[in-house]
>>> print(open('start_8.txt').read())   # compact mmCIF, C-alpha atoms
# COMPACT_ATOMS: atom_id res chain seq x y z
CA MET A 1 4.77 -0.16 -15.12
CA ALA A 2 4.75 -2.43 -12.07
CA GLY A 3 1.53 -4.20 -11.18
CA HIS A 4 0.65 -2.35 -8.00
CA SER A 5 0.82 1.03 -9.78
CA LYS A 6 -1.72 -0.22 -12.29
CA TRP A 7 -3.76 -1.57 -9.40
CA ALA A 8 -4.26 1.94 -8.02
CA ASN A 9 -5.60 2.98 -11.42
CA ILE A 10 -8.06 0.07 -11.51
CA GLN A 11 -9.38 1.03 -8.07
CA HIS A 12 -9.62 4.65 -9.11
CA ARG A 13 -11.60 3.71 -12.23
CA LYS A 14 -13.95 1.49 -10.22
CA GLY A 15 -14.56 4.45 -7.90
CA ARG A 16 -14.60 4.19 -4.12
CA GLN A 17 -18.05 3.96 -2.59
CA ASP A 18 -18.70 5.50 0.84
CA ALA A 19 -18.42 2.11 2.55
CA ALA A 20 -14.99 1.45 1.01
CA ARG A 21 -13.91 4.98 1.94
CA SER A 22 -14.96 4.56 5.56
CA LYS A 23 -13.10 1.22 5.69
CA LEU A 24 -10.00 2.91 4.26
CA PHE A 25 -10.22 5.71 6.86
CA SER A 26 -10.45 3.09 9.60
CA LYS A 27 -7.35 1.22 8.31
CA LEU A 28 -5.34 4.44 8.01
CA SER A 29 -6.40 5.47 11.54
CA LYS A 30 -5.28 2.08 12.85
CA GLU A 31 -1.83 2.56 11.29
CA ILE A 32 -1.58 6.03 12.90
CA THR A 33 -2.52 4.70 16.36
CA VAL A 34 -0.05 1.81 16.11
CA ALA A 35 2.77 4.07 14.82
CA ALA A 36 2.15 6.58 17.63
CA LYS A 37 2.07 3.81 20.25
CA MET A 38 5.36 2.35 19.03
CA GLY A 39 7.22 5.69 19.10
CA ASP A 40 6.80 9.37 19.87
CA PRO A 41 3.27 10.80 19.39
CA ASP A 42 4.85 13.82 17.66
CA PRO A 43 5.05 13.09 13.89
CA ASP A 44 8.19 15.27 13.60
CA LYS A 45 10.02 12.90 15.96
CA ASN A 46 8.51 9.65 14.68
CA PRO A 47 9.17 8.85 10.98
CA ARG A 48 6.65 6.00 10.83
CA LEU A 49 3.91 8.19 12.32
CA ARG A 50 4.83 11.05 9.99
CA LEU A 51 4.43 8.76 6.96
CA ALA A 52 1.15 7.35 8.31
CA VAL A 53 -0.26 10.86 8.79
CA LYS A 54 0.94 11.88 5.32
CA GLU A 55 -0.73 8.84 3.72
CA ALA A 56 -3.96 9.56 5.63
CA LYS A 57 -3.97 13.18 4.46
CA SER A 58 -3.34 12.14 0.84
CA ASN A 59 -6.49 9.98 1.10
CA SER A 60 -8.50 12.97 2.45
CA VAL A 61 -8.82 11.64 6.01
CA PRO A 62 -10.13 14.62 8.07
CA LYS A 63 -7.71 16.27 10.51
CA ASP A 64 -9.93 15.50 13.53
CA VAL A 65 -9.87 11.77 12.67
CA ILE A 66 -6.05 11.87 12.50
CA ASP A 67 -5.79 13.79 15.80
CA ARG A 68 -8.21 11.37 17.48
CA ALA A 69 -6.11 8.36 16.36
CA ILE A 70 -2.95 9.93 17.86
CA LYS A 71 -4.75 10.85 21.11
CA LYS A 72 -5.99 7.26 21.40
CA SER A 73 -2.41 6.00 21.52
CA VAL A 74 -1.32 8.66 24.04
CA ALA A 75 -4.22 7.70 26.31
CA GLY A 76 -3.23 4.03 25.97
CA GLU A 77 -6.59 3.23 24.39
CA GLY A 78 -7.25 0.94 21.48
CA ASP A 79 -6.32 -2.70 21.14
CA ASP A 80 -2.78 -3.99 20.99
CA TYR A 81 -2.34 -4.87 17.35
CA GLU A 82 0.14 -7.38 15.99
CA GLU A 83 1.49 -6.95 12.46
CA ILE A 84 1.45 -10.20 10.49
CA ARG A 85 2.31 -10.74 6.83
CA TYR A 86 0.74 -13.56 4.81
CA GLU A 87 1.96 -14.79 1.44
CA GLY A 88 0.16 -16.81 -1.19
CA TYR A 89 -0.76 -17.37 -4.80
CA GLY A 90 -3.64 -16.10 -6.91
CA PRO A 91 -4.80 -17.12 -10.41
CA ASN A 92 -2.09 -18.38 -12.78
CA GLY A 93 0.42 -18.45 -9.88
CA VAL A 94 0.48 -14.67 -9.40
CA ALA A 95 2.21 -13.78 -6.09
CA VAL A 96 0.14 -12.07 -3.36
CA ILE A 97 1.40 -10.41 -0.15
CA VAL A 98 -1.21 -9.57 2.50
CA GLU A 99 -0.20 -7.18 5.30
CA THR A 100 -2.44 -7.29 8.37
CA MET A 101 -2.82 -5.63 11.77
CA THR A 102 -4.79 -7.75 14.18
CA ASP A 103 -5.76 -8.17 17.81
CA ASN A 104 -6.65 -11.82 17.14
CA ARG A 105 -4.06 -13.81 15.20
CA ASN A 106 -6.23 -16.96 14.90
CA ARG A 107 -9.23 -15.08 13.49
CA THR A 108 -7.12 -13.29 10.90
CA ALA A 109 -5.24 -16.42 9.78
CA SER A 110 -8.51 -18.31 9.38
CA THR A 111 -10.19 -15.49 7.41
CA VAL A 112 -7.21 -14.91 5.10
CA ARG A 113 -6.87 -18.66 4.42
CA SER A 114 -10.56 -19.10 3.59
CA THR A 115 -10.58 -15.95 1.40
CA PHE A 116 -7.72 -17.37 -0.67
CA SER A 117 -9.38 -20.76 -1.08
CA LYS A 118 -12.85 -19.34 -1.89
CA ASN A 119 -11.35 -17.15 -4.62
CA GLY A 120 -9.15 -19.63 -6.44
CA GLY A 121 -5.94 -18.86 -4.56
CA ASN A 122 -3.66 -20.70 -2.13
CA LEU A 123 -2.15 -19.41 1.09
CA GLY A 124 1.55 -20.32 1.25
CA GLU A 125 4.20 -20.35 3.95
CA THR A 126 5.90 -17.12 5.02
CA GLY A 127 8.66 -16.52 2.47
CA SER A 128 6.93 -18.52 -0.28
CA VAL A 129 6.55 -15.44 -2.52
CA GLY A 130 8.37 -12.71 -0.56
CA PHE A 131 11.58 -13.33 -2.53
CA MET A 132 9.80 -11.98 -5.64
CA PHE A 133 9.51 -8.52 -4.03
CA GLU A 134 11.79 -5.87 -2.51
CA ARG A 135 10.81 -3.60 0.38
CA LYS A 136 11.01 -0.07 -1.01
CA GLY A 137 9.96 3.50 -0.29
CA GLU A 138 7.49 4.84 -2.88
CA VAL A 139 6.80 8.55 -3.40
CA VAL A 140 4.16 9.56 -5.95
CA TYR A 141 3.74 12.94 -7.64
CA PRO A 142 1.13 14.01 -10.20
CA ALA A 143 2.31 14.57 -13.79
CA THR A 144 1.65 18.31 -13.36
CA VAL A 145 4.57 18.72 -10.92
CA GLY A 146 7.07 18.81 -13.80
CA ASP A 147 8.51 16.90 -16.74
CA ALA A 148 10.41 13.62 -16.38
CA ASP A 149 13.87 15.28 -16.42
CA THR A 150 12.97 17.80 -13.70
CA VAL A 151 11.54 15.10 -11.42
CA PHE A 152 14.45 12.73 -12.11
CA GLU A 153 17.02 15.40 -11.16
CA ALA A 154 15.13 16.29 -7.96
CA ALA A 155 14.80 12.59 -7.08
CA ILE A 156 18.51 11.78 -7.53
CA GLU A 157 19.43 14.92 -5.59
CA ALA A 158 17.12 13.75 -2.78
CA GLY A 159 18.84 10.35 -2.61
CA ALA A 160 16.28 8.26 -4.54
CA GLU A 161 17.24 5.17 -6.54
CA ASP A 162 14.87 5.21 -9.51
CA VAL A 163 11.99 7.12 -11.14
CA GLU A 164 9.14 5.90 -13.36
CA SER A 165 7.45 8.74 -15.23
CA SER A 166 4.33 8.37 -17.37
CA GLU A 167 1.31 10.43 -18.42
CA GLU A 168 -0.33 9.40 -15.14
CA GLY A 169 2.43 10.79 -12.91
CA HIS A 170 5.84 10.11 -11.39
CA ILE A 171 6.70 7.21 -9.08
CA ILE A 172 9.97 7.71 -7.19
CA TRP A 173 11.65 4.72 -5.55
CA CYS A 174 14.17 4.69 -2.70
CA ALA A 175 15.60 2.34 -0.08
CA ASP A 176 12.98 1.58 2.60
CA THR A 177 15.22 3.06 5.31
CA ASP A 178 15.64 6.32 3.34
CA LEU A 179 11.94 7.08 2.76
CA ASN A 180 11.59 9.72 5.47
CA ASP A 181 14.69 11.67 4.33
CA VAL A 182 13.98 11.30 0.60
CA SER A 183 10.34 12.40 0.88
CA SER A 184 11.33 15.42 3.01
CA ALA A 185 13.97 16.48 0.45
CA LEU A 186 11.51 15.98 -2.43
CA GLU A 187 8.87 18.09 -0.71
CA ALA A 188 11.39 20.91 -0.35
CA ALA A 189 12.10 20.69 -4.11
CA LEU A 190 8.74 19.73 -5.63
CA GLY A 191 6.08 20.45 -2.99
CA GLU A 192 3.54 18.15 -1.32
CA THR A 193 3.56 14.51 -2.46
CA GLU A 194 0.47 12.67 -3.66
CA SER A 195 1.44 9.57 -1.68
CA THR A 196 4.40 8.48 0.48
CA LYS A 197 4.60 4.93 1.79
CA LEU A 198 6.57 1.71 2.19
CA VAL A 199 5.59 -0.90 -0.39
CA TRP A 200 6.56 -4.31 -1.70
CA ARG A 201 7.92 -3.77 -5.21
CA PRO A 202 7.83 -6.82 -7.49
CA THR A 203 11.20 -7.94 -8.89
CA THR A 204 9.54 -10.53 -11.16
CA THR A 205 6.01 -10.30 -12.58
CA THR A 206 3.36 -12.73 -13.85
CA GLU A 207 1.46 -11.85 -17.03
CA LEU A 208 -2.32 -12.23 -16.69
CA GLY A 209 -5.04 -12.35 -19.34
CA LEU A 210 -8.50 -10.83 -18.87
CA ASP A 211 -10.07 -13.87 -17.19
CA ASP A 212 -7.27 -14.25 -14.63
CA MET A 213 -7.17 -10.47 -14.04
CA GLN A 214 -10.88 -10.49 -13.16
CA LYS A 215 -10.33 -13.43 -10.79
CA LEU A 216 -7.38 -11.63 -9.18
CA MET A 217 -9.44 -8.46 -8.68
CA LYS A 218 -12.11 -10.53 -6.97
CA LEU A 219 -9.52 -12.12 -4.64
CA VAL A 220 -7.87 -8.78 -3.77
CA ASP A 221 -11.25 -7.07 -3.21
CA ALA A 222 -12.30 -9.89 -0.86
CA LEU A 223 -9.01 -9.68 1.07
CA GLU A 224 -9.17 -5.88 1.33
CA ASP A 225 -12.73 -6.13 2.60
CA ASP A 226 -11.41 -7.73 5.81
CA ASP A 227 -10.95 -5.12 8.57
CA ASP A 228 -7.70 -6.81 9.69
CA VAL A 229 -6.07 -6.42 6.25
CA GLN A 230 -4.10 -3.20 5.80
CA ARG A 231 -2.70 -3.70 2.29
CA VAL A 232 -2.56 -6.27 -0.50
CA THR A 233 0.25 -6.34 -3.10
CA THR A 234 0.53 -8.58 -6.15
CA ASN A 235 3.09 -9.01 -8.92
CA PHE A 236 0.68 -9.11 -11.86
CA GLU A 237 1.51 -7.68 -15.26
CA ALA A 238 -1.23 -7.01 -17.80
CA SER A 239 -1.34 -5.57 -21.29
CA ASP A 240 -3.01 -2.23 -22.03
CA GLU A 241 -5.73 -4.15 -23.90
CA VAL A 242 -6.56 -6.22 -20.79
CA MET A 243 -6.45 -3.15 -18.53
CA ALA A 244 -8.83 -1.29 -20.84
CA GLN A 245 -11.42 -4.09 -20.56
CA LEU A 246 -11.49 -4.18 -16.75
>>> encode(input="start_8.txt", output="structure tokens")
Amino acid sequence: MAGHSKWANIQHRKGRQDAARSKLFSKLSKEITVAAKMGDPDPDKNPRLRLAVKEAKSNSVPKDVIDRAIKKSVAGEGDDYEEIRYEGYGPNGVAVIVETMTDNRNRTASTVRSTFSKNGGNLGETGSVGFMFERKGEVVYPATVGDADTVFEAAIEAGAEDVESSEEGHIIWCADTDLNDVSSALEAALGETESTKLVWRPTTTTELGLDDMQKLMKLVDALEDDDDVQRVTTNFEASDEVMAQL
């Protein structure tokens, strides 16, 4: 399975403390405000906002927090955020993409650069690792929604490109521009999704041993700890033995 899917499992195993949860809520709220500002404040008429609200709900963000984030954009409140993507390398040359939303480009660039260097990584130029990933829509369902054949049929019918099924659940992939339509069709067939979002899917991966995996986790944790960072994606691959020791 692709690295970032395993990453979610690592984070789940580590458990999210209250501080991390509150930081996550704040990042999801920021995405909602920005999506609502850029388009219609009605999620039914704004695909990006609809996906942002869906992702917030799947992470148990309370309804009043979601409503407040939308109202903020309607009232013209909140800072004007710029979306900037950084690319770099972690341990053993593993590729790292850092997606940020910032109201201060210089502060964010400086923080991201120093976080890479303090944790054994290197910040590269834009495009230095992006070619190792594809922009894709990712829809996740729990294993309990049905067997692999049922989910595969529903996914192809909905216009998806690929499905990865395992004991942990089903990951459905589609073109980035089709995510809104595919997730809507899947919900009609299979019910509420566990997660629906745009991601960077690795096309090539880098195998990491235990030592490098631990270093990578440290780097990603430090990057995610920055309020300006929305999401971090890597192209690591690790054996089940390594994953079990984390």
>>> closest_residue(input="start_8.txt", among="A:Ser184, A:Ser117, A:Thr100, A:Thr196", to="Gly137 (chain A)", atoms="all atoms listed in the file")
A:Thr196
>>> residues_around(input="start_8.txt", residues="Thr203 (chain A)", least_positions_apart="5", cutoff="8 Å", atoms="only C-alpha atoms", output="VMD selection string")
chain A and resid 132 to 134
>>> closest_residue(input="start_8.txt", among="A:Ile32, A:Ile84, A:Ala109, A:Val94", to="Asp212 (chain A)", atoms="all atoms listed in the file")
A:Val94
>>> closest_atom_pairs(input="start_8.txt", of="region 107-142 of chain A", to="region 40-62 of chain A", cutoff="12 Å", atoms="all atoms listed in the file", output="CSV")
residue,atom,partner,partner_atom,distance
A:Gly137,CA,A:Leu51,CA,10.5
A:Glu138,CA,A:Leu51,CA,11.0
A:Val139,CA,A:Glu55,CA,10.4
A:Val140,CA,A:Ser58,CA,10.4
A:Tyr141,CA,A:Ser58,CA,11.1
>>> residues_around(input="start_8.txt", residues="Met213 (chain A)", least_positions_apart="4", cutoff="9 Å", atoms="all atoms listed in the file", output="PyMOL selection string")
chain A and resi 91+208-209+217-218+236+238+242-243+246
>>> write_last_selection(input="start_8.txt", atoms="C-alpha atoms", output="PDB file, in the coordinates of the input")
ATOM      1  CA  PRO A  91      -4.800 -17.120 -10.410  1.00  0.00           C
ATOM      2  CA  LEU A 208      -2.320 -12.230 -16.690  1.00  0.00           C
ATOM      3  CA  GLY A 209      -5.040 -12.350 -19.340  1.00  0.00           C
ATOM      4  CA  MET A 217      -9.440  -8.460  -8.680  1.00  0.00           C
ATOM      5  CA  LYS A 218     -12.110 -10.530  -6.970  1.00  0.00           C
ATOM      6  CA  PHE A 236       0.680  -9.110 -11.860  1.00  0.00           C
ATOM      7  CA  ALA A 238      -1.230  -7.010 -17.800  1.00  0.00           C
ATOM      8  CA  VAL A 242      -6.560  -6.220 -20.790  1.00  0.00           C
ATOM      9  CA  MET A 243      -6.450  -3.150 -18.530  1.00  0.00           C
ATOM     10  CA  LEU A 246     -11.490  -4.180 -16.750  1.00  0.00           C
TER      11      LEU A 246
END
>>> atom_distance(input="start_8.txt", atom1="CA of Tyr86 (chain A)", atom2="CA of Ser29 (chain A)")
21.4 Å
